$ cat entry-v3.txt   # compact mmCIF, C-alpha atoms
# COMPACT_ATOMS: atom_id res chain seq x y z
CA MET A 1 -73.28 -134.00 -24.96
CA PRO A 2 -76.34 -131.67 -25.06
CA ASP A 3 -75.45 -128.02 -24.43
CA VAL A 4 -78.16 -126.98 -21.99
CA GLU A 5 -77.45 -123.27 -22.34
CA LEU A 6 -77.73 -123.32 -26.13
CA ILE A 7 -80.84 -125.48 -25.98
CA GLU A 8 -82.53 -123.02 -23.64
CA LEU A 9 -81.46 -120.12 -25.84
CA CYS A 10 -82.99 -121.77 -28.92
CA GLU A 11 -86.19 -122.62 -27.06
CA GLY A 12 -86.55 -119.02 -25.93
CA ALA A 13 -85.96 -117.68 -29.45
CA ILE A 14 -88.56 -120.01 -30.98
CA GLY A 15 -91.19 -118.61 -28.63
CA MET A 16 -90.59 -115.12 -30.04
CA LEU A 17 -90.57 -115.98 -33.76
CA ALA A 18 -93.63 -116.17 -35.98
CA ASP A 19 -94.20 -118.99 -38.44
CA THR A 20 -93.69 -116.50 -41.26
CA ASP A 21 -90.16 -115.70 -40.12
CA PRO A 22 -87.51 -117.81 -41.92
CA MET A 23 -85.36 -117.52 -38.81
CA ARG A 24 -87.84 -119.78 -37.01
CA VAL A 25 -86.97 -122.58 -39.44
CA ARG A 26 -83.27 -122.12 -38.78
CA ILE A 27 -83.70 -122.07 -35.00
CA LEU A 28 -85.89 -125.19 -35.08
CA ALA A 29 -83.23 -127.00 -37.12
CA THR A 30 -80.46 -125.75 -34.83
CA LEU A 31 -82.34 -126.89 -31.73
CA ALA A 32 -82.85 -130.35 -33.23
CA SER A 33 -79.11 -130.57 -33.91
CA HIS A 34 -78.26 -129.57 -30.34
CA LEU A 35 -80.56 -132.35 -29.09
CA THR A 36 -78.66 -135.02 -31.06
CA PHE A 37 -77.26 -136.64 -27.91
CA ALA A 38 -80.42 -136.27 -25.83
CA PRO A 39 -81.94 -139.67 -25.02
CA GLU A 40 -85.45 -138.84 -26.22
CA ARG A 41 -85.85 -139.14 -29.98
CA GLU A 42 -89.41 -137.84 -30.37
CA PRO A 43 -88.67 -134.14 -29.63
CA ARG A 44 -86.08 -134.11 -32.42
CA VAL A 45 -88.51 -135.71 -34.86
CA LYS A 46 -91.20 -133.13 -34.09
CA LEU A 47 -88.78 -130.22 -34.44
CA ILE A 48 -87.62 -131.47 -37.84
CA GLU A 49 -91.20 -132.03 -39.01
CA GLU A 50 -92.19 -128.47 -38.09
CA ALA A 51 -89.05 -126.99 -39.61
CA ASN A 52 -89.55 -128.93 -42.85
CA ASP A 53 -93.21 -127.89 -43.15
CA LEU A 54 -92.30 -124.23 -42.70
CA ALA A 55 -89.38 -124.46 -45.13
CA VAL A 56 -91.71 -125.85 -47.80
CA GLN A 57 -94.13 -122.97 -47.20
CA HIS A 58 -91.33 -120.46 -47.67
CA GLY A 59 -90.27 -122.12 -50.93
CA ASP A 60 -86.59 -121.50 -50.21
CA PRO A 61 -84.43 -124.48 -51.33
CA LEU A 62 -81.49 -123.43 -49.16
CA LEU A 63 -83.78 -123.25 -46.14
CA THR A 64 -84.91 -126.78 -46.95
CA ALA A 65 -81.24 -127.81 -47.24
CA GLU A 66 -80.60 -126.51 -43.70
CA VAL A 67 -83.45 -128.65 -42.36
CA LEU A 68 -82.22 -131.74 -44.21
CA HIS A 69 -78.73 -131.17 -42.80
CA ALA A 70 -80.14 -130.98 -39.28
CA GLU A 71 -82.27 -134.09 -39.82
CA PHE A 72 -79.27 -136.13 -40.97
CA VAL A 73 -77.25 -135.07 -37.93
CA CYS A 74 -79.87 -135.34 -35.20
CA LEU A 75 -81.21 -138.72 -36.38
CA TRP A 76 -77.76 -140.18 -37.15
CA GLU A 77 -78.20 -143.83 -36.14
CA PRO A 78 -78.07 -147.24 -37.85
CA ALA A 79 -81.86 -147.56 -38.16
CA THR A 80 -82.12 -144.39 -40.27
CA LEU A 81 -79.57 -145.29 -42.95
CA ASP A 82 -82.12 -145.55 -45.77
CA ARG A 83 -83.56 -142.16 -44.86
CA ARG A 84 -80.12 -140.58 -44.54
CA GLU A 85 -79.16 -141.87 -47.99
CA GLN A 86 -82.29 -140.20 -49.34
CA ILE A 87 -81.33 -136.96 -47.56
CA ALA A 88 -77.93 -137.07 -49.26
CA ARG A 89 -79.65 -137.46 -52.65
CA ASP A 90 -82.11 -134.64 -51.88
CA LEU A 91 -79.25 -132.35 -50.90
CA GLY A 92 -77.55 -133.20 -54.18
CA ARG A 93 -80.68 -132.22 -56.07
CA LEU A 94 -80.89 -128.92 -54.18
CA ALA A 95 -77.19 -128.27 -54.79
CA ARG A 96 -77.65 -128.71 -58.54
CA ALA A 97 -80.69 -126.42 -58.49
CA THR A 98 -79.01 -123.64 -56.52
CA GLY A 99 -75.32 -124.05 -57.31
CA ASP A 100 -74.60 -123.74 -53.59
CA PRO A 101 -71.21 -125.32 -52.78
CA GLN A 102 -71.97 -125.93 -49.11
CA THR A 103 -75.07 -127.95 -49.98
CA GLU A 104 -73.02 -129.81 -52.59
CA PHE A 105 -70.43 -130.63 -49.93
CA LEU A 106 -73.04 -131.92 -47.48
CA SER A 107 -74.55 -134.15 -50.17
CA GLY A 108 -71.15 -135.57 -51.09
CA PHE A 109 -69.88 -136.04 -47.55
CA PHE A 110 -73.08 -137.67 -46.34
CA THR A 111 -72.98 -139.97 -49.38
CA ALA A 112 -69.37 -140.94 -48.61
CA TYR A 113 -70.27 -141.64 -44.99
CA CYS A 114 -73.29 -143.77 -45.91
CA LEU A 115 -71.17 -145.78 -48.35
CA ALA A 116 -68.67 -146.44 -45.56
CA GLU A 117 -71.49 -147.45 -43.24
CA ARG A 118 -72.73 -149.88 -45.90
CA GLY A 119 -69.24 -151.36 -45.89
CA ASP A 120 -68.34 -149.98 -49.32
CA LEU A 121 -64.93 -148.55 -48.44
CA PRO A 122 -63.71 -148.15 -52.06
CA GLY A 123 -66.88 -146.28 -52.99
CA SER A 124 -66.52 -144.00 -49.99
CA VAL A 125 -62.88 -143.24 -50.81
CA THR A 126 -63.80 -142.38 -54.39
CA ARG A 127 -66.55 -140.01 -53.26
CA LEU A 128 -64.21 -138.26 -50.82
CA HIS A 129 -61.65 -137.71 -53.58
CA GLU A 130 -64.39 -136.23 -55.77
CA LEU A 131 -65.24 -133.78 -52.98
CA ALA A 132 -61.77 -132.19 -52.89
CA PRO A 133 -62.53 -129.34 -55.33
CA VAL A 134 -65.84 -128.65 -53.58
CA VAL A 135 -64.07 -128.31 -50.23
CA GLU A 136 -61.62 -125.91 -51.83
CA THR A 137 -64.49 -123.84 -53.23
CA THR A 138 -66.18 -123.54 -49.84
CA LYS A 139 -62.89 -122.47 -48.22
CA SER A 140 -64.13 -124.26 -45.10
CA ASP A 141 -61.37 -125.56 -42.88
CA TYR A 142 -63.90 -127.68 -40.99
CA TYR A 143 -65.11 -129.39 -44.15
CA GLU A 144 -61.49 -130.25 -44.91
CA PHE A 145 -61.17 -131.68 -41.39
CA LEU A 146 -64.30 -133.82 -41.84
CA THR A 147 -63.21 -135.30 -45.16
CA THR A 148 -59.63 -135.91 -44.02
CA ARG A 149 -60.81 -137.52 -40.80
CA LEU A 150 -63.13 -139.92 -42.60
CA MET A 151 -60.35 -140.80 -45.04
CA VAL A 152 -58.02 -141.60 -42.13
CA THR A 153 -60.70 -143.81 -40.58
CA LEU A 154 -61.05 -145.69 -43.87
CA ASP A 155 -57.28 -146.15 -44.08
CA ILE A 156 -57.27 -147.52 -40.53
CA MET A 157 -59.97 -149.99 -41.55
CA ARG A 158 -57.77 -151.02 -44.48
CA SER A 159 -54.76 -151.39 -42.15
CA ALA A 160 -52.64 -148.81 -43.93
CA PRO A 161 -49.02 -149.13 -42.74
CA ASP A 162 -48.86 -145.39 -42.02
CA ALA A 163 -52.20 -145.27 -40.19
CA GLN A 164 -50.82 -143.89 -36.92
CA GLN A 165 -48.77 -141.33 -38.82
CA GLN A 166 -51.94 -140.17 -40.56
CA VAL A 167 -53.73 -139.92 -37.21
CA ASP A 168 -50.91 -137.78 -35.80
CA GLU A 169 -50.80 -135.56 -38.89
CA LEU A 170 -54.57 -134.99 -38.68
CA PHE A 171 -54.15 -133.73 -35.14
CA HIS A 172 -51.19 -131.54 -36.05
CA ARG A 173 -53.20 -129.88 -38.83
CA PHE A 174 -56.46 -129.34 -36.99
CA GLY A 175 -55.82 -129.78 -33.26
CA ALA A 176 -55.62 -126.04 -32.54
CA LYS A 177 -58.67 -125.24 -34.68
CA HIS A 178 -61.39 -127.74 -33.87
CA VAL A 179 -62.49 -128.91 -30.46
CA ASP A 180 -63.18 -132.49 -31.59
CA ALA A 181 -59.73 -132.98 -33.14
CA GLU A 182 -58.14 -134.23 -29.92
CA THR A 183 -60.95 -136.68 -29.20
CA THR A 184 -60.63 -137.91 -32.78
CA TRP A 185 -56.91 -138.48 -32.25
CA MET A 186 -57.62 -140.47 -29.08
CA ILE A 187 -60.20 -142.81 -30.55
CA GLN A 188 -58.37 -143.37 -33.84
CA THR A 189 -55.19 -144.15 -31.91
CA ALA A 190 -57.17 -146.65 -29.83
CA VAL A 191 -58.42 -148.43 -32.97
CA VAL A 192 -54.87 -148.69 -34.34
CA ALA A 193 -53.86 -150.16 -30.97
CA TYR A 194 -56.81 -152.57 -31.11
CA GLN A 195 -55.61 -153.91 -34.44
CA ALA A 196 -52.07 -154.29 -33.09
CA GLY A 197 -53.17 -155.93 -29.83
CA THR A 198 -51.85 -153.22 -27.50
CA MET A 199 -55.12 -151.92 -26.04
CA GLY A 200 -54.37 -153.75 -22.82
CA GLU A 201 -51.55 -151.27 -22.28
CA MET A 202 -53.91 -148.30 -22.58
CA VAL A 203 -56.13 -148.89 -19.56
CA HIS A 204 -55.14 -145.75 -17.68
CA ALA A 205 -55.53 -143.53 -20.74
CA LEU A 206 -58.94 -144.99 -21.53
CA GLN A 207 -60.03 -144.57 -17.94
CA ALA A 208 -59.26 -140.88 -18.26
CA MET A 209 -61.40 -140.74 -21.41
CA THR A 210 -64.36 -142.43 -19.74
CA THR A 211 -65.03 -139.84 -17.08
CA GLY A 212 -67.56 -137.05 -17.21
CA PRO A 213 -69.80 -136.59 -20.26
CA GLN A 214 -67.74 -138.95 -22.44
CA ALA A 215 -68.15 -141.95 -20.11
CA THR A 216 -71.01 -143.58 -22.01
CA ILE A 217 -69.43 -143.18 -25.43
CA TRP A 218 -66.04 -144.78 -24.80
CA SER A 219 -66.69 -147.26 -21.99
CA ALA A 220 -66.78 -150.24 -24.40
CA GLY A 221 -63.19 -149.52 -25.39
CA LEU A 222 -62.19 -149.41 -21.74
CA ALA A 223 -63.85 -152.78 -21.16
CA VAL A 224 -61.84 -154.31 -24.03
CA ALA A 225 -58.60 -152.83 -22.67
CA LEU A 226 -59.30 -154.12 -19.16
CA LEU A 227 -60.02 -157.62 -20.44
CA TRP A 228 -56.89 -157.66 -22.57
CA SER A 229 -54.84 -156.46 -19.61
CA GLY A 230 -56.10 -159.40 -17.54
CA ASP A 231 -58.43 -157.37 -15.29
CA VAL A 232 -61.48 -159.59 -15.68
CA ALA A 233 -63.31 -158.04 -12.70
CA GLY A 234 -62.74 -154.55 -14.06
CA ALA A 235 -64.00 -155.53 -17.49
CA GLU A 236 -67.07 -157.14 -15.93
CA ASN A 237 -67.75 -153.98 -13.92
CA VAL A 238 -67.60 -151.71 -16.97
CA LEU A 239 -69.62 -154.16 -19.03
CA GLY A 240 -72.32 -154.15 -16.37
CA ARG A 241 -73.07 -150.48 -16.79
CA THR A 242 -76.53 -149.89 -18.22
CA ASP A 243 -75.88 -146.46 -19.74
CA GLU A 244 -78.00 -145.45 -22.70
CA ILE A 245 -75.94 -145.93 -25.88
CA PRO A 246 -75.74 -142.79 -28.05
CA ARG A 247 -77.26 -144.01 -31.29
CA ASN A 248 -74.62 -142.53 -33.57
CA TYR A 249 -72.00 -144.54 -31.66
CA PHE A 250 -74.23 -147.61 -31.54
CA GLY A 251 -72.37 -149.94 -33.92
CA CYS A 252 -68.91 -149.33 -32.48
CA ARG A 253 -70.03 -149.55 -28.86
CA CYS A 254 -72.06 -152.73 -29.37
CA SER A 255 -69.16 -154.37 -31.18
CA GLY A 256 -66.76 -153.51 -28.36
CA ARG A 257 -69.18 -154.79 -25.74
CA ALA A 258 -69.64 -157.97 -27.77
CA GLU A 259 -65.91 -158.72 -27.66
CA VAL A 260 -65.94 -158.51 -23.89
CA ALA A 261 -69.25 -160.34 -23.45
CA VAL A 262 -67.91 -163.28 -25.44
CA GLY A 263 -64.60 -163.23 -23.60
CA LEU A 264 -66.35 -163.30 -20.23
CA GLY A 265 -68.87 -165.94 -21.27
CA ARG A 266 -71.80 -163.57 -20.66
CA ARG A 267 -74.38 -165.51 -22.63
CA ASP A 268 -77.21 -163.20 -21.59
CA LEU A 269 -75.46 -160.13 -22.95
CA CYS A 270 -74.31 -162.03 -26.04
CA GLN A 271 -77.95 -162.77 -26.85
CA HIS A 272 -78.98 -159.17 -26.21
CA LEU A 273 -76.25 -157.78 -28.46
CA TYR A 274 -76.89 -160.39 -31.14
CA ASP A 275 -80.56 -159.38 -31.26
CA GLN A 276 -79.64 -155.69 -31.50
CA LEU A 277 -77.02 -156.08 -34.23
CA LEU A 278 -78.46 -158.80 -36.48
CA GLU A 279 -80.40 -156.47 -38.77
CA TYR A 280 -77.18 -154.55 -39.49
CA ALA A 281 -75.19 -157.50 -40.85
CA GLY A 282 -73.05 -156.46 -43.78
CA ARG A 283 -72.38 -152.97 -42.47
CA ALA A 284 -69.35 -151.38 -40.87
CA GLY A 285 -69.55 -150.32 -37.22
CA ILE A 286 -68.65 -146.69 -37.82
CA THR A 287 -69.28 -143.72 -35.54
CA GLY A 288 -71.39 -140.74 -36.50
CA SER A 289 -69.36 -138.28 -38.60
CA GLY A 290 -66.78 -140.98 -39.28
CA SER A 291 -64.30 -140.37 -36.48
CA SER A 292 -63.56 -144.10 -36.21
CA SER A 293 -64.75 -147.60 -37.01
CA PHE A 294 -64.58 -150.77 -34.97
CA GLY A 295 -64.89 -153.06 -37.98
CA LEU A 296 -67.38 -155.26 -39.80
CA VAL A 297 -70.66 -155.94 -38.04
CA SER A 298 -70.98 -159.41 -39.60
CA ARG A 299 -67.77 -160.50 -37.88
CA THR A 300 -69.14 -159.34 -34.53
CA ILE A 301 -72.51 -161.03 -35.02
CA GLY A 302 -70.82 -164.23 -36.20
CA MET A 303 -68.68 -164.25 -33.08
CA LEU A 304 -71.82 -163.78 -30.95
CA ALA A 305 -73.67 -166.55 -32.80
CA HIS A 306 -70.80 -168.93 -32.13
CA ALA A 307 -70.82 -168.00 -28.43
CA LEU A 308 -74.55 -168.79 -28.41
CA ASP A 309 -73.87 -172.23 -29.97
CA ASP A 310 -75.62 -171.29 -33.22
CA THR A 311 -72.85 -172.72 -35.37
CA ARG A 312 -74.73 -172.62 -38.66
CA THR A 313 -75.46 -168.90 -38.36
CA ALA A 314 -71.92 -168.24 -37.15
CA LEU A 315 -70.44 -169.98 -40.20
CA GLU A 316 -72.71 -168.05 -42.58
CA LEU A 317 -71.93 -164.68 -41.02
CA LEU A 318 -68.21 -165.22 -40.64
CA SER A 319 -67.89 -166.55 -44.19
CA ALA A 320 -69.70 -163.42 -45.38
CA ALA A 321 -67.37 -161.26 -43.28
CA VAL A 322 -64.31 -162.91 -44.84
CA GLU A 323 -65.65 -162.30 -48.34
CA GLN A 324 -66.60 -158.71 -47.53
CA ALA A 325 -63.24 -157.93 -45.93
CA ASP A 326 -61.37 -159.29 -48.94
CA SER A 327 -63.53 -157.34 -51.38
CA ILE A 328 -62.96 -153.98 -49.67
CA GLY A 329 -59.30 -154.46 -48.70
CA ALA A 330 -59.91 -154.57 -44.94
CA VAL A 331 -56.84 -156.66 -44.07
CA PHE A 332 -57.29 -156.83 -40.31
CA GLU A 333 -60.96 -157.73 -40.66
CA GLY A 334 -60.03 -160.49 -43.08
CA VAL A 335 -57.51 -161.98 -40.67
CA SER A 336 -59.80 -161.68 -37.67
CA SER A 337 -62.84 -163.08 -39.51
CA ARG A 338 -60.82 -166.06 -40.76
CA ARG A 339 -59.60 -166.85 -37.28
CA HIS A 340 -63.13 -166.74 -35.89
CA LEU A 341 -64.32 -168.86 -38.81
CA ALA A 342 -61.56 -171.41 -38.23
CA VAL A 343 -62.53 -171.69 -34.58
CA ALA A 344 -66.22 -172.12 -35.43
CA LEU A 345 -65.44 -174.76 -38.05
CA ARG A 346 -63.28 -176.68 -35.63
CA ALA A 347 -66.05 -176.55 -33.04
CA ALA A 348 -68.39 -177.95 -35.69
CA GLY A 349 -65.94 -180.81 -36.25
CA ASP A 350 -65.15 -179.77 -39.81
CA GLY A 351 -61.37 -179.82 -39.90
CA THR A 352 -61.15 -179.97 -43.69
CA SER A 353 -63.39 -176.96 -44.18
CA ARG A 354 -61.49 -175.17 -41.48
CA HIS A 355 -58.41 -175.17 -43.68
CA ALA A 356 -60.47 -174.16 -46.70
CA CYS A 357 -61.29 -170.79 -45.15
CA TRP A 358 -57.65 -169.81 -45.71
CA GLY A 359 -57.81 -170.37 -49.48
CA GLY A 360 -57.23 -167.74 -52.15
CA ALA A 361 -54.69 -164.93 -52.19
CA HIS A 362 -56.17 -163.15 -49.18
CA GLY A 363 -56.56 -166.40 -47.28
CA ARG A 364 -52.97 -167.43 -47.94
CA ARG A 365 -51.82 -164.07 -46.63
CA ALA A 366 -53.93 -164.55 -43.52
CA ALA A 367 -52.65 -168.11 -43.11
CA ARG A 368 -49.07 -166.86 -43.03
CA LEU A 369 -50.09 -164.53 -40.24
CA HIS A 370 -52.25 -167.01 -38.31
CA PRO A 371 -51.80 -170.64 -39.38
CA PRO A 372 -55.08 -172.59 -39.08
CA ASP A 373 -53.31 -175.31 -37.11
CA HIS A 374 -52.50 -172.74 -34.46
CA VAL A 375 -55.97 -171.51 -33.54
CA ASP A 376 -55.36 -172.07 -29.84
CA GLN A 377 -53.33 -169.00 -28.98
CA PRO A 378 -52.83 -167.17 -25.72
CA ALA A 379 -55.73 -164.76 -25.37
CA PRO A 380 -55.04 -161.06 -24.98
CA GLY A 381 -53.55 -160.55 -21.55
CA GLY A 382 -51.64 -163.83 -21.70
CA ARG A 383 -54.43 -166.22 -20.71
CA ARG A 384 -54.67 -169.42 -22.75
CA THR A 385 -58.12 -170.63 -23.72
CA ASN A 386 -59.58 -173.79 -25.21
CA SER A 387 -62.76 -174.80 -26.99
CA GLY A 388 -64.67 -174.84 -23.73
CA GLN A 389 -63.44 -171.43 -22.62
CA ALA A 390 -64.58 -168.64 -24.92
CA LEU A 391 -63.29 -169.91 -28.26
CA ALA A 392 -64.15 -166.64 -29.89
CA LEU A 393 -61.87 -164.73 -27.55
CA ALA A 394 -59.04 -167.11 -28.40
CA ALA A 395 -59.55 -166.13 -32.02
CA VAL A 396 -59.09 -162.41 -31.42
CA PRO A 397 -55.99 -161.66 -33.49
CA GLY A 398 -55.04 -158.45 -31.75
CA ALA A 399 -51.85 -159.41 -29.93
CA TRP A 400 -50.48 -161.28 -32.93
CA TYR A 401 -51.93 -159.35 -35.84
CA ASN A 402 -49.48 -157.86 -38.27
CA SER A 403 -50.56 -157.12 -41.82
CA GLU A 404 -48.35 -158.24 -44.68
CA GLN A 405 -48.15 -154.54 -45.43
CA TYR A 406 -46.30 -154.18 -42.14
CA GLY A 407 -43.53 -156.38 -43.42
CA SER A 408 -43.25 -159.49 -41.25
CA VAL A 409 -45.22 -162.10 -39.40
CA CYS A 410 -45.24 -161.88 -35.63
CA GLU A 411 -43.86 -164.93 -33.91
CA ARG A 412 -46.63 -167.12 -32.58
CA GLY A 413 -47.89 -165.74 -29.29
CA SER A 414 -45.56 -162.75 -29.27
CA ARG A 415 -46.49 -159.10 -29.25
CA CYS A 416 -45.20 -157.24 -32.25
CA PRO A 417 -46.78 -153.77 -32.29
CA VAL A 418 -43.98 -152.35 -34.42
CA ALA A 419 -42.78 -154.08 -37.58
CA LYS A 420 -40.61 -152.60 -40.28
CA SER A 421 -40.30 -153.38 -43.98
CA SER A 422 -38.81 -151.92 -47.11
CA ARG A 423 -42.14 -150.18 -47.63
CA GLY A 424 -41.90 -148.25 -44.38
CA ALA A 425 -42.81 -148.77 -40.79
CA THR A 426 -45.77 -148.46 -38.52
CA SER A 427 -45.84 -147.70 -34.84
CA VAL A 428 -48.49 -148.13 -32.19
CA ARG A 429 -48.88 -145.72 -29.31
CA THR A 430 -49.59 -146.95 -25.81
CA SER A 431 -50.66 -143.63 -24.31
CA PHE A 432 -53.11 -140.91 -25.19
CA ARG A 433 -50.79 -137.94 -24.87
CA ALA A 434 -51.46 -136.02 -28.05
CA PRO A 435 -48.39 -135.36 -30.22
CA PRO A 436 -46.82 -131.92 -29.67

$ encode --input "entry-v3.txt" --output "structure tokens"
Amino acid sequence: MPDVELIELCEGAIGMLADTDPMRVRILATLASHLTFAPEREPRVKLIEEANDLAVQHGDPLLTAEVLHAEFVCLWEPATLDRREQIARDLGRLARATGDPQTEFLSGFFTAYCLAERGDLPGSVTRLHELAPVVETTKSDYYEFLTTRLMVTLDIMRSAPDAQQQVDELFHRFGAKHVDAETTWMIQTAVVAYQAGTMGEMVHALQAMTTGPQATIWSAGLAVALLWSGDVAGAENVLGRTDEIPRNYFGCRCSGRAEVAVGLGRRDLCQHLYDQLLEYAGRAGITGSGSSSFGLVSRTIGMLAHALDDTRTALELLSAAVEQADSIGAVFEGVSSRRHLAVALRAAGDGTSRHACWGGAHGRRAARLHPPDHVDQPAPGGRRTNSGQALALAAVPGAWYNSEQYGSVCERGSRCPVAKSSRGATSVRTSFRAPP
């Protein structure tokens, strides 16, 4: 949230600095960064424009790099992805011209993040690995935290069997050093629980997270947990909040709200979210800085299209989500997208095609987890649905999802948050008490 004291300090300093002073450029960029979470976008744009103009006049490439860094951070939202990709390239050019390792890191990390946002998980992983020697050169513990955190988020998206262990280890390494390490642990743990279907058991912990300045950011997760726990009224209450969505959490929060809107049959909100998300089809709903990801945006939009009775669009989007999930190794997303697709195909009366969506190696794996003949499952929280009662919610795989990597298939309708195999074990936490 905006730090009012620091903002006022920067504003006061700017008033005392001449245009010829390079420090003015740095303070302008710093002020823009501190206004990242402020609701008004225009002040940030004007600050960056002034800072950039002055940096060009000074002819200092590292000063320009500072402004580009601030621009990426303070305008970190889905609509600016093309511009942020250009910033990453410009930082790379400046890094090559100056040999500055910090600028090289920023270029590489921002590139890795943008690749993840585009849904290119393998490309993002490769770029992060390439950054390792640069991080070592900078000797920055925070840069190491950023790269490790994004890598953990990518592994969660790929349903790594040791995902929760990685989350815990990240906190152990950086929890005492960086203020955002504990929040990262909380939200990454919640995503692991979402994939395992145990978010309904985390209501109290999520309620604690959604008080004070963090309320707007994490309320969508609370709404999902309330719905899965069977508290329909509570989920409706949280869903009804009209808080401004921080733009760098936009994709994740909209996707979470969409799950609940569909489950509650809120057609008005489904339409609103569909309209907001449609232009971002094909991307991953990832938070700014990469602390977590909710999943593939196409799956969410396809689910919304089906809830709005636009079956043709739903089939196109969900088929695309299945193909994308398979291509990037996002196991949970592949299972979930197939289940939504099977439900949509059945609603369209295409039983033959419904079975076809489970074809191929990835589809056969998903079919073993969620047989297409068993689309009608108890919804999270134990409520059973049918085609007339939020089909998309019935397709949410959470309570029964268990990747083949986890070793075994959960019995139909049972909760199996912990499954062991010869390749190891995974566990799912049901509280947000950080590991000691």

$ residues_around --input "entry-v3.txt" --residues "stretch 255-272 of chain A" --least-positions-apart "2" --cutoff "9 Å" --atoms "all atoms listed in the file" --output "ChimeraX atom specification"
/A:219-221,223-224,227,232,235-236,239,250-253,274-277,285,294-297,300-301,303-305,307-308,389-394,396

$ residues_around --input "entry-v3.txt" --residues "A:Leu150" --least-positions-apart "6" --cutoff "9 Å" --atoms "all atoms listed in the file" --output "list in words"
Ala112, Tyr113, Val125, Leu128, Ser289, Gly290, Ser291 and Ser292 of chain A

$ residues_around --input "entry-v3.txt" --residues "stretch 13-17 of chain A" --least-positions-apart "6" --cutoff "12 Å" --atoms "all atoms listed in the file" --output "ChimeraX atom specification"
/A:6-7,23-31,47,50-51

$ write_last_selection --input "entry-v3.txt" --atoms "C-alpha atoms" --output "mmCIF file, in the coordinates of the input"
data_model
loop_
_atom_site.group_PDB
_atom_site.id
_atom_site.type_symbol
_atom_site.label_atom_id
_atom_site.label_comp_id
_atom_site.auth_asym_id
_atom_site.auth_seq_id
_atom_site.Cartn_x
_atom_site.Cartn_y
_atom_site.Cartn_z
ATOM 1 C CA LEU A 6 -77.730 -123.320 -26.130
ATOM 2 C CA ILE A 7 -80.840 -125.480 -25.980
ATOM 3 C CA MET A 23 -85.360 -117.520 -38.810
ATOM 4 C CA ARG A 24 -87.840 -119.780 -37.010
ATOM 5 C CA VAL A 25 -86.970 -122.580 -39.440
ATOM 6 C CA ARG A 26 -83.270 -122.120 -38.780
ATOM 7 C CA ILE A 27 -83.700 -122.070 -35.000
ATOM 8 C CA LEU A 28 -85.890 -125.190 -35.080
ATOM 9 C CA ALA A 29 -83.230 -127.000 -37.120
ATOM 10 C CA THR A 30 -80.460 -125.750 -34.830
ATOM 11 C CA LEU A 31 -82.340 -126.890 -31.730
ATOM 12 C CA LEU A 47 -88.780 -130.220 -34.440
ATOM 13 C CA GLU A 50 -92.190 -128.470 -38.090
ATOM 14 C CA ALA A 51 -89.050 -126.990 -39.610
#

$ closest_atom_pairs --input "entry-v3.txt" --of "stretch 135-235 of chain A" --to "stretch 87-105 of chain A" --cutoff "12 Å" --atoms "only C-alpha atoms" --output "CSV"
residue,atom,partner,partner_atom,distance
A:Val135,CA,A:Phe105,CA,6.8
A:Glu136,CA,A:Pro101,CA,9.7
A:Thr137,CA,A:Pro101,CA,6.9
A:Thr138,CA,A:Pro101,CA,6.1
A:Lys139,CA,A:Gln102,CA,9.8
A:Ser140,CA,A:Gln102,CA,9.0
A:Tyr142,CA,A:Phe105,CA,11.5
A:Tyr143,CA,A:Phe105,CA,8.0
A:Glu144,CA,A:Phe105,CA,10.3
A:Leu146,CA,A:Phe105,CA,10.6
A:Thr147,CA,A:Phe105,CA,9.8

$ closest_residue --input "entry-v3.txt" --among "A:Val134, A:Val335, A:Arg41, A:Asp21" --to "A:Leu54" --atoms "only C-alpha atoms"
A:Asp21

$ closest_atom_pairs --input "entry-v3.txt" --of "stretch 9-36 of chain A" --to "stretch 75-81 of chain A" --cutoff "12 Å" --atoms "all atoms listed in the file" --output "JSON lines"
{"residue": "A:Ala29", "atom": "CA", "partner": "A:Leu75", "partner_atom": "CA", "distance": 11.9}
{"residue": "A:Ala32", "atom": "CA", "partner": "A:Leu75", "partner_atom": "CA", "distance": 9.1}
{"residue": "A:Ser33", "atom": "CA", "partner": "A:Leu75", "partner_atom": "CA", "distance": 8.8}
{"residue": "A:His34", "atom": "CA", "partner": "A:Leu75", "partner_atom": "CA", "distance": 11.4}
{"residue": "A:Leu35", "atom": "CA", "partner": "A:Leu75", "partner_atom": "CA", "distance": 9.7}
{"residue": "A:Thr36", "atom": "CA", "partner": "A:Leu75", "partner_atom": "CA", "distance": 7.0}

$ closest_residue --input "entry-v3.txt" --among "A:Val192, A:Cys10, A:Leu63, A:Ala225" --to "A:Leu206" --atoms "all atoms listed in the file"
A:Ala225

$ atom_distance --input "entry-v3.txt" --atom1 "atom CA of A:Cys74" --atom2 "atom CA of A:Arg44"
6.9 Å

$ closest_residue --input "entry-v3.txt" --among "A:Gly334, A:Pro22, A:Gly234, A:Pro39" --to "A:Asp53" --atoms "only C-alpha atoms"
A:Pro22

$ closest_residue --input "entry-v3.txt" --among "A:Ser298, A:Arg158, A:Glu130, A:Leu62" --to "A:Leu278" --atoms "all atoms listed in the file"
A:Ser298

$ closest_residue --input "entry-v3.txt" --among "A:Leu106, A:Met199, A:Leu170, A:Ala314" --to "A:His69" --atoms "all atoms listed in the file"
A:Leu106

$ atom_distance --input "entry-v3.txt" --atom1 "atom CA of A:Thr189" --atom2 "atom CA of A:Val203"
13.3 Å

$ closest_residue --input "entry-v3.txt" --among "A:Thr184, A:Asn52, A:Ser107, A:Thr64" --to "A:Gly288" --atoms "only C-alpha atoms"
A:Thr184

$ atom_distance --input "entry-v3.txt" --atom1 "atom CA of A:His58" --atom2 "atom CA of A:Asp19"
9.8 Å
